[in-house]
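Raw entry.csv, CSV, C-alpha atoms:
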```csv
chain,number,residue,atom,x,y,z
G,2,MET,CA,0.0,0.0,0.0
G,3,GLU,CA,1.5,3.3,-1.0
G,4,PRO,CA,1.2,6.2,1.4
G,5,ASP,CA,-1.7,8.0,-0.1
G,6,GLN,CA,-1.5,11.8,0.1
G,7,SER,CA,-5.3,12.0,0.5
G,8,ARG,CA,-5.4,9.7,3.5
G,9,GLY,CA,-4.3,11.2,6.8
G,10,GLY,CA,-3.8,14.6,5.2
G,11,GLY,CA,-0.3,13.7,4.0
G,12,ALA,CA,2.3,11.0,3.9
G,13,LYS,CA,3.7,11.9,7.3
G,14,THR,CA,0.6,11.4,9.4
G,15,PRO,CA,-1.0,8.0,9.1
G,16,PRO,CA,-4.8,7.7,9.2
G,17,PRO,CA,-5.9,7.4,12.8
G,18,GLY,CA,-7.5,4.0,12.2
G,19,ASP,CA,-4.2,2.3,11.3
G,20,ALA,CA,-3.1,1.8,14.9
G,21,TRP,CA,-6.0,-0.5,15.6
G,22,THR,CA,-5.5,-2.4,12.3
G,23,ALA,CA,-1.9,-3.0,13.3
G,24,LEU,CA,-3.1,-4.5,16.6
G,25,SER,CA,-5.3,-6.9,14.7
G,26,TYR,CA,-2.3,-8.1,12.7
G,27,LEU,CA,-0.4,-8.8,15.9
G,28,LEU,CA,-3.3,-10.8,17.3
G,29,SER,CA,-3.6,-12.8,14.1
G,30,GLY,CA,0.0,-13.8,14.1
G,31,PHE,CA,-0.1,-15.1,17.7
G,32,LEU,CA,-3.4,-16.8,17.1
G,33,LEU,CA,-2.5,-18.5,13.8
G,34,PHE,CA,1.0,-19.8,14.6
G,35,GLY,CA,0.3,-20.3,18.3
G,36,GLY,CA,-2.7,-22.3,17.2
G,37,ILE,CA,-0.6,-24.4,14.8
G,38,GLY,CA,2.0,-25.0,17.6
G,39,TRP,CA,-0.8,-25.9,20.0
G,40,GLY,CA,-2.2,-28.4,17.5
G,41,LEU,CA,1.2,-30.0,16.9
G,42,ASP,CA,1.7,-30.3,20.6
G,43,ALA,CA,-1.6,-32.0,21.0
G,44,LEU,CA,-0.9,-34.4,18.2
G,45,LEU,CA,2.6,-35.3,19.2
G,46,GLY,CA,2.3,-35.0,22.9
G,47,THR,CA,5.1,-32.5,23.2
G,48,GLY,CA,5.2,-29.1,24.8
G,49,VAL,CA,7.6,-27.2,22.7
G,50,PHE,CA,5.7,-26.1,19.7
G,51,LEU,CA,3.2,-23.8,21.4
G,52,PRO,CA,5.8,-21.3,22.7
G,53,VAL,CA,7.9,-21.6,19.5
G,54,GLY,CA,4.7,-21.0,17.4
G,55,LEU,CA,3.7,-18.0,19.6
G,56,LEU,CA,7.2,-16.4,19.3
G,57,PHE,CA,7.3,-17.1,15.5
G,58,GLY,CA,3.8,-15.7,15.0
G,59,GLY,CA,4.6,-12.6,17.0
G,60,ALA,CA,7.8,-12.0,15.0
G,61,ALA,CA,6.0,-12.6,11.7
G,62,SER,CA,3.2,-10.2,12.4
G,63,LEU,CA,5.6,-7.5,13.6
G,64,TYR,CA,7.4,-8.0,10.3
G,65,LEU,CA,4.1,-7.7,8.5
G,66,ILE,CA,3.3,-4.5,10.3
G,67,TYR,CA,6.7,-3.2,9.2
G,68,ILE,CA,6.0,-4.1,5.6
G,69,ARG,CA,2.5,-2.6,5.6
G,70,TYR,CA,3.0,0.6,7.5
G,71,VAL,CA,6.7,1.5,7.6
G,72,LYS,CA,8.3,0.3,4.5
G,73,SER,CA,5.6,1.3,2.0
X,8,MET,CA,-18.2,-21.3,38.4
X,9,THR,CA,-21.9,-21.5,37.9
X,10,ILE,CA,-22.5,-23.3,41.1
X,11,LEU,CA,-20.5,-20.7,43.0
X,12,ALA,CA,-22.3,-17.9,41.4
X,13,THR,CA,-25.9,-19.2,41.9
X,14,ALA,CA,-25.5,-20.7,45.3
X,15,PRO,CA,-27.0,-18.3,47.9
X,16,THR,CA,-24.1,-17.5,50.1
X,17,PRO,CA,-24.2,-15.3,53.2
X,18,GLY,CA,-22.7,-11.9,52.7
X,19,PHE,CA,-22.2,-9.9,49.5
X,20,ASN,CA,-23.1,-11.5,46.2
X,21,ALA,CA,-20.9,-9.9,43.5
X,22,PRO,CA,-22.8,-8.9,40.4
X,23,GLY,CA,-22.2,-11.1,37.3
X,24,VAL,CA,-23.4,-12.2,33.9
X,25,GLU,CA,-26.9,-13.0,35.3
X,26,ASP,CA,-27.4,-9.3,35.9
X,27,PHE,CA,-27.3,-8.8,32.1
X,28,GLN,CA,-30.0,-11.4,31.4
X,29,LEU,CA,-33.0,-9.1,31.7
X,30,PRO,CA,-36.5,-10.7,31.8
X,31,PRO,CA,-38.7,-10.0,28.8
X,32,ILE,CA,-41.1,-7.1,29.2
X,33,PHE,CA,-43.7,-8.7,26.9
X,34,GLY,CA,-43.5,-11.6,24.5
X,35,GLU,CA,-39.8,-11.9,23.5
X,36,VAL,CA,-39.2,-8.2,23.8
X,37,THR,CA,-36.6,-7.3,26.4
X,38,LYS,CA,-35.3,-3.9,27.6
X,39,PRO,CA,-32.3,-3.8,25.2
X,40,VAL,CA,-34.8,-4.4,22.3
X,41,LEU,CA,-36.8,-1.4,23.3
X,42,GLN,CA,-33.6,0.6,23.7
X,43,PHE,CA,-32.6,-0.1,20.1
X,44,VAL,CA,-35.9,1.1,18.9
X,45,LEU,CA,-35.7,4.2,21.0
X,46,ALA,CA,-32.1,4.8,19.8
X,47,ALA,CA,-33.2,4.6,16.2
X,48,VAL,CA,-36.1,7.0,16.9
X,49,ILE,CA,-33.8,9.4,18.7
X,50,VAL,CA,-31.2,9.4,15.9
X,51,TYR,CA,-33.8,9.9,13.2
X,52,ALA,CA,-35.5,12.6,15.2
X,53,PHE,CA,-32.2,14.4,15.9
X,54,PHE,CA,-31.2,14.6,12.2
X,55,ALA,CA,-34.7,15.3,11.0
X,56,TYR,CA,-35.1,18.1,13.5
X,57,THR,CA,-31.7,19.7,12.9
X,58,SER,CA,-32.0,19.6,9.1
X,59,ARG,CA,-35.7,20.5,8.8
X,60,ARG,CA,-35.2,24.1,7.6
X,61,PRO,CA,-31.7,24.4,6.3
X,62,ALA,CA,-30.6,28.0,6.1
X,63,LEU,CA,-27.4,29.6,5.0
X,64,VAL,CA,-27.1,31.2,8.4
X,65,PRO,CA,-27.8,28.1,10.5
X,66,SER,CA,-30.0,28.0,13.6
X,67,LYS,CA,-28.6,26.5,16.8
X,68,ALA,CA,-30.2,23.1,16.0
X,69,GLN,CA,-28.9,23.1,12.5
X,70,PHE,CA,-25.4,24.0,13.7
X,71,LEU,CA,-25.5,21.1,16.1
X,72,GLY,CA,-26.5,18.6,13.5
X,73,GLU,CA,-24.0,19.9,11.0
X,74,SER,CA,-21.2,19.9,13.5
X,75,PHE,CA,-21.8,16.3,14.2
X,76,HIS,CA,-22.1,15.4,10.5
X,77,GLY,CA,-19.0,17.5,9.7
X,78,MET,CA,-16.9,15.9,12.4
X,79,VAL,CA,-17.7,12.4,11.0
X,80,ARG,CA,-17.2,13.6,7.5
X,81,ASN,CA,-13.8,15.3,8.0
X,82,SER,CA,-12.0,13.5,10.9
X,83,ILE,CA,-13.4,10.0,10.3
X,84,ALA,CA,-14.4,9.6,6.7
X,85,ARG,CA,-12.0,11.9,4.8
X,86,ASP,CA,-8.9,11.1,6.8
X,87,ASN,CA,-9.4,7.4,6.6
X,88,ILE,CA,-11.0,6.7,3.2
X,89,GLY,CA,-9.5,9.2,0.9
X,90,PRO,CA,-10.9,11.0,-2.2
X,91,GLU,CA,-14.1,8.9,-2.5
X,92,TYR,CA,-15.1,9.4,1.2
X,93,LEU,CA,-18.3,11.3,0.5
X,94,LYS,CA,-20.3,8.2,-0.5
X,95,TYR,CA,-19.7,6.6,2.9
X,96,VAL,CA,-20.5,9.6,5.1
X,97,PRO,CA,-24.2,8.8,5.6
X,98,TYR,CA,-23.5,5.3,6.8
X,99,LEU,CA,-20.7,6.3,9.1
X,100,THR,CA,-22.7,9.2,10.6
X,101,THR,CA,-25.7,7.0,11.3
X,102,LEU,CA,-23.4,4.3,12.7
X,103,PHE,CA,-21.7,6.7,15.0
X,104,ALA,CA,-24.9,8.3,16.2
X,105,PHE,CA,-26.6,5.0,16.8
X,106,ILE,CA,-23.8,3.4,18.7
X,107,LEU,CA,-23.3,6.6,20.7
X,108,VAL,CA,-26.9,6.8,21.8
X,109,ASN,CA,-27.0,3.1,22.7
X,110,ASN,CA,-23.8,3.4,24.7
X,111,LEU,CA,-24.9,6.5,26.6
X,112,PHE,CA,-28.1,4.6,27.6
X,113,GLY,CA,-25.7,2.9,30.0
X,114,ILE,CA,-25.5,6.0,32.2
X,115,VAL,CA,-28.8,7.8,31.4
X,116,PRO,CA,-30.9,7.7,34.6
X,117,LEU,CA,-33.8,5.3,34.6
X,118,ILE,CA,-32.4,3.4,31.5
X,119,GLN,CA,-28.9,2.7,32.8
X,120,PHE,CA,-28.2,-0.3,30.6
X,121,PRO,CA,-25.8,-0.3,27.7
X,122,SER,CA,-27.6,-2.0,24.8
X,123,PHE,CA,-24.4,-3.4,23.4
X,124,SER,CA,-23.4,-5.3,26.5
X,125,HIS,CA,-24.8,-8.4,24.8
X,126,PRO,CA,-22.4,-9.7,22.2
X,127,GLY,CA,-25.1,-10.8,19.7
X,128,VAL,CA,-26.1,-7.3,18.8
X,129,ALA,CA,-22.5,-6.1,18.5
X,130,TYR,CA,-22.0,-8.9,16.1
X,131,ALA,CA,-24.9,-7.8,14.0
X,132,LEU,CA,-23.4,-4.3,13.6
X,133,ALA,CA,-19.9,-5.7,12.9
X,134,ILE,CA,-21.3,-8.0,10.2
X,135,MET,CA,-22.9,-5.1,8.5
X,136,SER,CA,-19.6,-3.2,8.4
X,137,TRP,CA,-17.8,-6.4,7.3
X,138,LEU,CA,-20.2,-6.8,4.4
X,139,ILE,CA,-19.8,-3.2,3.4
X,140,TYR,CA,-16.0,-3.2,3.2
X,141,ASN,CA,-15.8,-6.6,1.5
X,142,VAL,CA,-18.4,-5.7,-1.1
X,143,VAL,CA,-16.7,-2.3,-1.7
X,144,GLY,CA,-13.4,-4.1,-2.1
X,145,ILE,CA,-14.7,-6.8,-4.4
X,146,ARG,CA,-16.5,-4.2,-6.6
X,147,ARG,CA,-13.3,-2.1,-6.8
X,148,HIS,CA,-10.8,-4.8,-7.5
X,149,GLY,CA,-12.7,-7.9,-8.5
X,150,PHE,CA,-12.7,-11.0,-6.2
X,151,VAL,CA,-9.1,-12.1,-7.1
X,152,GLY,CA,-7.8,-8.6,-7.1
X,153,TYR,CA,-9.4,-7.8,-3.8
X,154,MET,CA,-7.9,-10.9,-2.2
X,155,ARG,CA,-4.6,-9.8,-3.6
X,156,VAL,CA,-4.9,-6.3,-2.2
X,157,SER,CA,-5.8,-7.5,1.3
X,158,THR,CA,-3.7,-10.6,1.7
X,159,TRP,CA,-0.7,-10.1,-0.5
X,160,PRO,CA,2.1,-8.1,1.2
X,161,PRO,CA,4.0,-6.1,-1.4
X,162,GLY,CA,7.7,-6.4,-2.0
X,163,VAL,CA,8.6,-9.6,-0.2
X,164,PRO,CA,10.1,-12.9,-1.4
X,165,TRP,CA,7.6,-15.8,-2.1
X,166,TRP,CA,8.6,-17.9,0.9
X,167,VAL,CA,7.9,-14.9,3.2
X,168,ARG,CA,4.4,-14.7,1.6
X,169,ILE,CA,3.7,-18.2,2.6
X,170,ILE,CA,4.1,-17.1,6.2
X,171,LEU,CA,2.5,-13.7,6.0
X,172,THR,CA,-0.5,-14.2,3.7
X,173,PRO,CA,-2.3,-16.6,6.2
X,174,ILE,CA,-1.8,-13.9,8.9
X,175,GLU,CA,-3.2,-11.2,6.6
X,176,PHE,CA,-6.2,-13.4,5.6
X,177,LEU,CA,-7.0,-14.2,9.2
X,178,SER,CA,-6.6,-10.6,10.3
X,179,ASN,CA,-8.3,-8.8,7.4
X,180,ILE,CA,-11.1,-11.2,6.4
X,181,LEU,CA,-11.9,-13.3,9.4
X,182,LEU,CA,-10.9,-11.5,12.6
X,183,ARG,CA,-11.9,-7.9,11.8
X,184,PRO,CA,-15.7,-8.4,12.5
X,185,VAL,CA,-14.8,-10.3,15.6
X,186,THR,CA,-12.5,-7.7,17.1
X,187,LEU,CA,-14.8,-4.9,16.0
X,188,SER,CA,-17.8,-6.4,17.9
X,189,LEU,CA,-15.9,-7.8,20.9
X,190,ARG,CA,-14.2,-4.5,21.6
X,191,LEU,CA,-17.6,-2.8,21.7
X,192,PHE,CA,-19.3,-5.5,23.7
X,193,GLY,CA,-16.4,-6.0,26.1
X,194,ASN,CA,-16.1,-2.3,27.0
X,195,MET,CA,-19.8,-1.9,27.5
X,196,PHE,CA,-20.1,-5.1,29.5
X,197,ALA,CA,-17.2,-4.4,31.8
X,198,GLY,CA,-18.2,-0.8,32.3
X,199,HIS,CA,-21.7,-1.7,33.4
X,200,LEU,CA,-20.3,-4.5,35.6
X,201,LEU,CA,-18.0,-2.0,37.3
X,202,LEU,CA,-20.8,0.4,38.1
X,203,LEU,CA,-22.9,-2.5,39.4
X,204,VAL,CA,-20.1,-3.5,41.7
X,205,PHE,CA,-19.7,-0.1,43.2
X,206,VAL,CA,-23.4,0.7,43.6
X,207,LEU,CA,-24.6,-2.8,44.7
X,208,GLY,CA,-21.5,-3.0,47.0
X,209,GLY,CA,-22.4,0.3,48.5
X,210,GLU,CA,-26.0,-0.7,49.0
X,211,TYR,CA,-24.9,-3.9,50.7
X,212,MET,CA,-22.5,-2.0,53.0
X,213,LEU,CA,-25.1,0.5,53.9
X,214,LEU,CA,-28.2,-1.7,54.3
X,215,HIS,CA,-27.4,-5.3,54.7
X,216,SER,CA,-24.0,-5.5,56.5
X,217,GLU,CA,-23.8,-6.1,60.2
X,218,SER,CA,-20.7,-3.9,60.5
X,219,ILE,CA,-21.2,-0.3,61.4
X,220,LEU,CA,-17.8,0.6,59.9
X,221,LEU,CA,-18.9,-0.7,56.5
X,222,GLY,CA,-22.1,1.4,56.7
X,223,VAL,CA,-20.0,4.5,57.5
X,224,LEU,CA,-17.7,3.7,54.6
X,225,SER,CA,-20.5,3.1,52.1
X,226,PRO,CA,-20.6,6.7,50.8
X,227,PHE,CA,-17.1,6.1,49.4
X,228,ALA,CA,-18.5,3.2,47.3
X,229,PHE,CA,-21.3,5.4,46.0
X,230,GLY,CA,-18.7,8.1,45.3
X,231,MET,CA,-16.6,5.7,43.3
X,232,GLY,CA,-19.8,4.8,41.4
X,233,ILE,CA,-20.3,8.4,40.5
X,234,VAL,CA,-16.7,8.9,39.5
X,235,PHE,CA,-16.8,5.8,37.3
X,236,THR,CA,-20.1,7.0,35.8
X,237,PHE,CA,-18.2,9.9,34.3
X,238,PHE,CA,-15.4,7.6,33.3
X,239,GLU,CA,-17.9,5.4,31.6
X,240,ALA,CA,-19.3,8.4,29.7
X,241,PHE,CA,-15.9,8.9,28.3
X,242,ILE,CA,-15.5,5.2,27.4
X,243,GLN,CA,-18.9,5.1,25.7
X,244,VAL,CA,-18.1,8.0,23.4
X,245,VAL,CA,-14.6,6.6,22.6
X,246,GLN,CA,-16.0,3.2,21.8
X,247,ALA,CA,-18.6,4.6,19.4
X,248,TYR,CA,-15.8,6.6,17.8
X,249,VAL,CA,-13.5,3.7,17.5
X,250,PHE,CA,-16.1,1.4,15.9
X,251,THR,CA,-16.9,4.1,13.3
X,252,ILE,CA,-13.3,5.0,12.6
X,253,LEU,CA,-12.3,1.4,12.1
X,254,THR,CA,-15.2,0.8,9.7
X,255,ALA,CA,-13.9,3.9,7.8
X,256,SER,CA,-10.3,2.6,8.0
X,257,TYR,CA,-11.3,-0.8,6.6
X,258,ILE,CA,-13.2,0.9,3.7
X,259,GLY,CA,-10.2,3.1,3.1
X,260,THR,CA,-7.8,0.1,3.0
X,261,VAL,CA,-9.8,-1.9,0.5
X,262,LEU,CA,-10.2,1.2,-1.8
X,263,ALA,CA,-6.5,2.0,-1.8
X,264,ASP,CA,-4.6,0.8,-4.8
X,265,ASP,CA,-1.9,-1.7,-4.3
X,266,HIS,CA,1.4,-1.0,-6.1
```

Write-out of the structure in structure tokens:
Amino acid sequence: MEPDQSRGGGAKTPPPGDAWTALSYLLSGFLLFGGIGWGLDALLGTGVFLPVGLLFGGAASLYLIYIRYVKS
Amino acid sequence: MTILATAPTPGFNAPGVEDFQLPPIFGEVTKPVLQFVLAAVIVYAFFAYTSRRPALVPSKAQFLGESFHGMVRNSIARDNIGPEYLKYVPYLTTLFAFILVNNLFGIVPLIQFPSFSHPGVAYALAIMSWLIYNVVGIRRHGFVGYMRVSTWPPGVPWWVRIILTPIEFLSNILLRPVTLSLRLFGNMFAGHLLLLVFVLGGEYMLLHSESILLGVLSPFAFGMGIVFTFFEAFIQVVQAYVFTILTASYIGTVLADDH
């Protein structure tokens, strides 16, 4: 997404709704990969995939927020 | 949990979910149902009254209505949607007014119940916003193009997309209506519960407690109830604003061109 001049009144100030949208990315990352990790743990009887999945999901969503809001 | 909550225990029974299950007034109609009808009537009456005789030099009522409309148009719609914002202003204005009135019912004397403290009705509103931004996106980009805009992070290698695209799909398509409605419901539910704790707690301390000390201290509980009523007023306005601004933001995101 290009920083649109017409949104937020200029490229410098992001539209006020973006902060909450970013939060939803973070939630999704934890939920998706944490969920996958939890499922793997339940299938294999281990306990290591849930924390790994949570960390990985958190990192991935932070990277996604970086791509969506900072880099572009 | 349920056994603990329903068993009649001596002492103070903390308010809980059961305080939100109001009995029907007649048929299947409960108090929140009437509040929704009342809110719709109030919103309609407000805008009908304030715009009944539009003049170049506005009356006080017209000024009030136009200020409200102008605030939604400029700071919510235009800043979040972009050049095509005008088409969405009516929906956003009505949405904001309707949620605001329903939320304020939580502290209006004699009503004092926030209509959106039941998650079902919050879902209904969120589904409407969800349908609108998805339909707008699909009409703008086509179905494949819309999926690409909302789940295809630009400028990353393909193996990163394998990781990020599911997150985006989950966040943008599936979770948005859920977070939208749960945020509204949760704030209204928790706020009302907080007021119940202070007021019912104060009532218990004053009237039902054996201890004189608690009776003497009960004004503080009522005082906190009043303080938090003002705090709730603030939260209720903020939540109506947030719901509207997020709807606008979602519409803006699906309208933006992906490069």

How many Å lie between CA of Val206 in chain X and CA of Gln28 in chain X, rounded to one decimal?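 We find that CA of Val206 in chain X and CA of Gln28 in chain X lie 18.4 Å from each other.
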
With the cut-off set at 6 Å and counting all atoms listed in the file, tabulate each residue of chain X with an atom at most that distance from an atom of chain G, showing the nearest atom pair and its distance in Å to one decimal, ordered by chain and increasing number, as CSV.
```
residue,atom,partner,partner_atom,distance
X:Asp86,CA,G:Gly9,CA,4.6
X:Asn87,CA,G:Pro16,CA,5.3
X:Gly89,CA,G:Arg8,CA,4.9
X:Ile174,CA,G:Gly30,CA,5.5
X:Ser178,CA,G:Ser29,CA,5.3
X:Ile252,CA,G:Gly18,CA,5.9
X:Leu253,CA,G:Gly18,CA,5.5
X:Ser256,CA,G:Gly18,CA,5.2
X:Asp265,CA,G:Met2,CA,5.0
```

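Nearest residue to Phe241 in chain X, choosing from X:Ala104, X:Leu117, X:Ile145, X:Leu111 and counting only C-alpha atoms: X:Leu111.
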
List as number ranges by chain the protein and nucleic acid residues near Thr236 in chain X, meaning an atom at most 9 Å away when only C-alpha atoms are counted, but skip any in the same chain fewer than 6 places from it. X: 114, 198, 202

Atom pair CA of Ala255 in chain X + CA of Leu102 in chain X, distance 10.7 Å
